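K.L.:
This structure is in C-alpha cells; I'll ask about it shortly.
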Amino acid sequence: MAKTLKILFFLGLFGALSAAGITYAIYYSVKDRIPTVEELKDIELKIPLRIYTADNQLIGEFGDQRRTPINYAEIPQNLEHAILAAEDTNFYHHPGVDILGLGRAVVQLITTGQKQGGGSTITMQVARNYFLSFEQTFTRKFTEIFISLKMERELSKHEILELYVNKIYLGNRAYGFEAAAQVYYGKTLSELDLAQLAMIAGLPKAPSRFNPVVNPSRALIRRNWILQRMLSLGMIDKDAYQTAVEAPITAKNHGVMPDIEAGYIAEMVRSELYNTFGDDLYSTGMTVYTTIDASRQKAANAAVFNGVLSYDMRHGYRGSIETRTDLVDAPLEEQEKALQDIERFSDWQTALVITTSDVSADVRLANGKRATLAWEAIKWARPYIDEDSQGPVPSNVADVLVPGDIVRLRPDTQLGWILAQKPTVQSALISLNSKDGAIQALVGGFNFYENKFNRITQSKRQPGSNFKPFIYASALDRGYTAASIINDAPVVFNDTNLASAWRPTNDGGKFYGPTRLRQALYRSQNIVSVRLLDELGIRPTLNFLRRFGFDPNELPNNLSLSLGSANLSPLQIATGYAVFSNGGYQVQPYLIDRVVDRNNETLFQANPITVCVTCTLLEKTQDNEPQMGLFNTQEGIRSLPVAPQVLDPEVNYITYDMMRDVIKYGTGRRARVLQRDDIAGKTGTTNDGRDAWFSGFNGEIVTSVWSGFDNSSSLGRGEWGGSVSLPAWIDYMREALRGTEPSYVYKPSSLVTVRIDPNTGERALPGQSNAIFEIFRKNHVPPQRDLNLPASNNNSSNEAQVEKQESNVLENLF
C-alpha cells in the first residue's frame with residue numbers, strides 16, 4: 001500500500017508539474033497576445049459616423065457596425081437578467097472562467113471528436129470579441145482564458161457586462177444591444193418590453209439562426225426558453241412570464257431610421273470628411289452637426305416630392321409596370337411573391353389589379369392585404385403620348401386598368417391609395433441663410449436611394465432668365481436706372497463667337513417697343529436683356545459678375561450670356577442670389593457646422609464669412625486676411641470673418657425692388673399667394689423648356705429650385721419656371737417663413753423716390769395724371785423733359801428710333 005501510494009504521489013506530482021509546465025508553455029506562447037492593463041481599461045468601441053441637423057435630428061449614419069454605446073446604469077434590469085439566464089447564470093460568482101462549463105466542453109470534444117461551442121462565460125466572450133479572432137483553435141481558447149482571468153482582476157463585473165452589452169454582434173449589422181433595439185424594433189432599450197428584451201438576449205448564441213426577422217419560429221423558441229430560465233431562476237414572476245411568452249413577434253428590420261430624410265446631405269458630409277479622415281471616419285465615433293434646419297428640410301422634401309408628382313400627373317399615365325393575367329386567380333403566396341419581387345419605392349405599395357368596375361378597382365397589395373381604388377384615385381390617368389400631348393380623359397376604370405395589371409399606389413389621407421407611377425422628371429432645391437451662407441435645406445433630386453446624383457452640386461444647367469438679375473445689377477452699377485429705356489424691337493447680331501447671325505426673340509414672339517428696365521425684368525423680355533448687355537459690353541460685365549461668386553472663365557463670352565446660357569449649378573445660382581438678399585455682401589455656402597469626437601471634443605468648428613450688421617469690427621491681424629468682427633451667436637460672442645461688400649447697397653436695393661415686381665406683376669405672380677411683401681425673385685426657362693427655375697428671397701433666406709430631365713429633354717409645351725419650379729418654391733417658403741416677421745432687404749436712406757412718366761422714364765410733368773413713382777440714386781435722377789421739345793414717346797419718334805436701330809447691325813462689344 002505504501003509503495004502504491006508513493007507511486008501515486010509521484011505520478012500526481014509529475015502530473016501537476018507537467019500541467020504547470022504545459023500551462024506555462026502555453027502562457028509563454030500566447031503572452032504577447034494578452035492585453036496590458038492599460039489596453040484593458042482603454043478599450044475603444046467602433047462607433048459609426050453620425051450626422052445631425054443643427055437642432056439634433058439624425059440625418060444619417062455611416063459605418064459597417066451599427067452601435068450606440070450605453071453605460072451599465074442604462075442597462076434595463078430585465079435585459080441583464082435575460083442575458084445572464086441565456087449566457088452565464090454564474091457570472092457574478094466565477095473568476096472569469098466557468099470550470100464546470102469548460103469540463104462539459106471537454107467531454108463533448110472527447111465523446112464527439114469535434115470542438116463545439118459551450119463553456120464560454122460572458123467574460124470570455126468579451127475577451128474574444130475585443131482582442132481575439134473567432135477561429136476555433138486550442139491556442140485561441142487558452143489565450144481567451146488567460147485574458148478573461150486578467151480582465152476579472154482589473155475590471156469590475158459591471159464594467160465587463162457593460163463591454164459585453166456594447167460589443168456583442170446581434171445580426172443585421174447591429175453591434176450591442178442598444179443598436180439591436182433600434183434595428184429590430186425601432187426603439188431604445190428602455191422602451192422594450194420583457195418579451196422583446198428576451199428576444200434580443202437570445203441573439204448572441206447564433207445571430208442568424210435566432211434572428212426574429214429571418215427565422216421567427218426559431219427565434220420564438222429561443223425567446224421562450226430564456227423566459228422559462230428567468231422564471232426558474234426567480235428573475236421574473238409567473239404573471240410576467242405568462243404575459244411575455246404569449247406576446248407575438250413584433251420585430252422588423254428597421255435599419256438606420258433617420259429622423260429627417262436627407263440622403264443627399266448625408267452623402268455630401270461623408271464625402272467631404274472622408275477626404276480628411278479616410279476610413280477612420282466610419283469607426284471612431286465622430287458626430288457631425290450640420291447647418292440644416294430640420295423643419296425646413298422636411299418642407300423641402302415635401303415641396304420637391306409634390307412638385308415632381310404634380311408635373312408628372314398632368315403629363316399623363318405611362319401604363320402599368322406589367323400585366324400578369326395568370327396571377328389574378330393564383331394562390332395568395334404566388335401573388336405576394338410576384339409583387340414583392342418588384343422594386344419598392346418610398347412608402348408606396350405595389351399592387352395587382354384583381355377586378356374592375358366602372359367606378360373602382362379591387363387590388364391585392366404586396367403586403368397581402370386587399371384594397372379598393374376609388375374612381376377619384378384613378379381618373380387623373382390620361383394616357384401619356386409625349387411631353388406635349390396626352391390621350392383623352394378616361395371615362396371609366398377600364399380605360400386605365402384591366403385585371404392583371406401590376407401598378408404602383410401611393411398613400412393618400414383622404415382616398416387611402418392613389419394610382420401612381422415613378423416620375424422620370426427631376427427637381428432640386430437649395431435654401432441658404434443669406435447672412436452667412438449656412439445651407440438650411442437641400443434636396444438633390446426626387447429620390448436619393450434610386451439616384452444618388454446630386455443636382456444641386458453636381459449638375460450644371462442653363463439658368464435662362466434666372467440669370468438676368470445679375471445683368472440688370474451690372475447695368476444699375478454702371479449708371480442705368482430702373483426707368484432707363486431699352487427698345488424691345490427685332491434685332492440681328494453678327495457675333496464672331498456665334499456660329500451664325502443671331503436673332504433673339506421674346507417668349508411668345510411679341511415685341512413691346514421702348515421699355516423701362518423694371519418692366520423688362522418682371523416681364524422677362526429677352527430682347528431688352530440682349531440689347532442691355534450689348535451696350536454694357538461683355539468683358540466689363542464678366543468682371544462684374546465675379547462679385548456674385550461666378551468665375552468668368554465658366555461663363556460664355558458672347559451675348560447669349562444675357563439670356564442665361566451659362567452652365568451653372570443651383571448652388572452657384574443660390575450663392576449669387578444671396579448677395580441680393582443680404583444687402584450686397586458675398587458669402588460662401590457651407591454645410592458642416594462642427595465635428596466632435598466620441599469624447600465630445602471639437603475636431604472642427606466652422607467660421608463662416610458673415611454679414612456684419614450689428615457686430616463689432618476688429619482690426620485686421622495680417623495683410624490679406626479678412627477683417628474680423630465680434631458676433632452674437634447662439635453659442636455666445638464669437639469672432640468671425642466679415643463678409644466683403646461687393647455690391648453698392650443702393651444698386652442692391654433697387655435690384656431687389658425690381659425683383660419684388662416679378663412677384664407682384666410678372667412671371668412669378670403665383671407667389672402672391674404667400675401674401676408676403678418682402679419676397680422677391682425671378683423665373684427662368686431655357687430653350688425648348690429643358691430647364692425650369694425659380695430663385696427667390698427676402699432679407700434672411702434665399703431659395704432656388706430647378707426642374708428638368710437629366711437627359712435635357714423638353715419639359716413640354718406650356719411648361720415654364722413659373723409652372724414647374726415656382727410651385728415647389730412656394731410650398732417650401734410657405735413653411736420656411738411661417739411665423740416669421742417680414743424681412744426686407746436693407747434700403748439706404750440716400751435713395752430718393754421720384755414721379756416719372758411711365759412711357760419715357762423721364763421726370764413727370766407737374767400734374768401729369770399717369771405719373772408713377774420710381775426709386776433712384778440721387779445722382780441718377782432723370783431730368784425733367786423740356787416742355788418746348790416734342791414728347792419723346794410719340795409714334796413718329798418711336799418709329800424713327802426703331803428704324804435707326806434696325807438700320808445698324810449692332811456689333812458685339814468686348
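Residue numbering restarts at 1 in every chain; chains get A, B, ... in the order shown in the C-alpha cells, and ligands count up from 1 in that same order.
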Could you please write out, as a PyMOL selection string, every residue of stretch 355-435 of chain A that DSSP assigns to helix (DSSP H, G or I)?

P.N.:
chain A and resi 375-377+397-399

K.L.:
Using C-alpha atoms, can you export the residues from the last selection as an mmCIF file, in the first residue's frame?

P.N.:
data_model
loop_
_atom_site.group_PDB
_atom_site.id
_atom_site.type_symbol
_atom_site.label_atom_id
_atom_site.label_comp_id
_atom_site.auth_asym_id
_atom_site.auth_seq_id
_atom_site.Cartn_x
_atom_site.Cartn_y
_atom_site.Cartn_z
ATOM 1 C CA TRP A 375 -62.539 56.450 -59.306
ATOM 2 C CA GLU A 376 -61.195 59.664 -57.757
ATOM 3 C CA ALA A 377 -57.852 57.890 -57.340
ATOM 4 C CA VAL A 397 -61.753 52.466 -64.792
ATOM 5 C CA ALA A 398 -61.481 50.116 -67.786
ATOM 6 C CA ASP A 399 -59.934 52.975 -69.779
#

K.L.:
Figure out the distance between atom CA of A:Gly583 and atom CA of A:Leu726, please, to one decimal in Å.

P.N.:
23.6 Å

K.L.:
Using Å and a single decimal, report how far atom CA of A:Met658 sits from atom CA of A:Leu517.

P.N.:
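We find that atom CA of A:Leu517 and atom CA of A:Met658 lie 8.6 Å from each other.
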
K.L.:
Quick one, how far is atom CA of A:Met628 from atom CA of A:Arg546?

P.N.:
22.4 Å
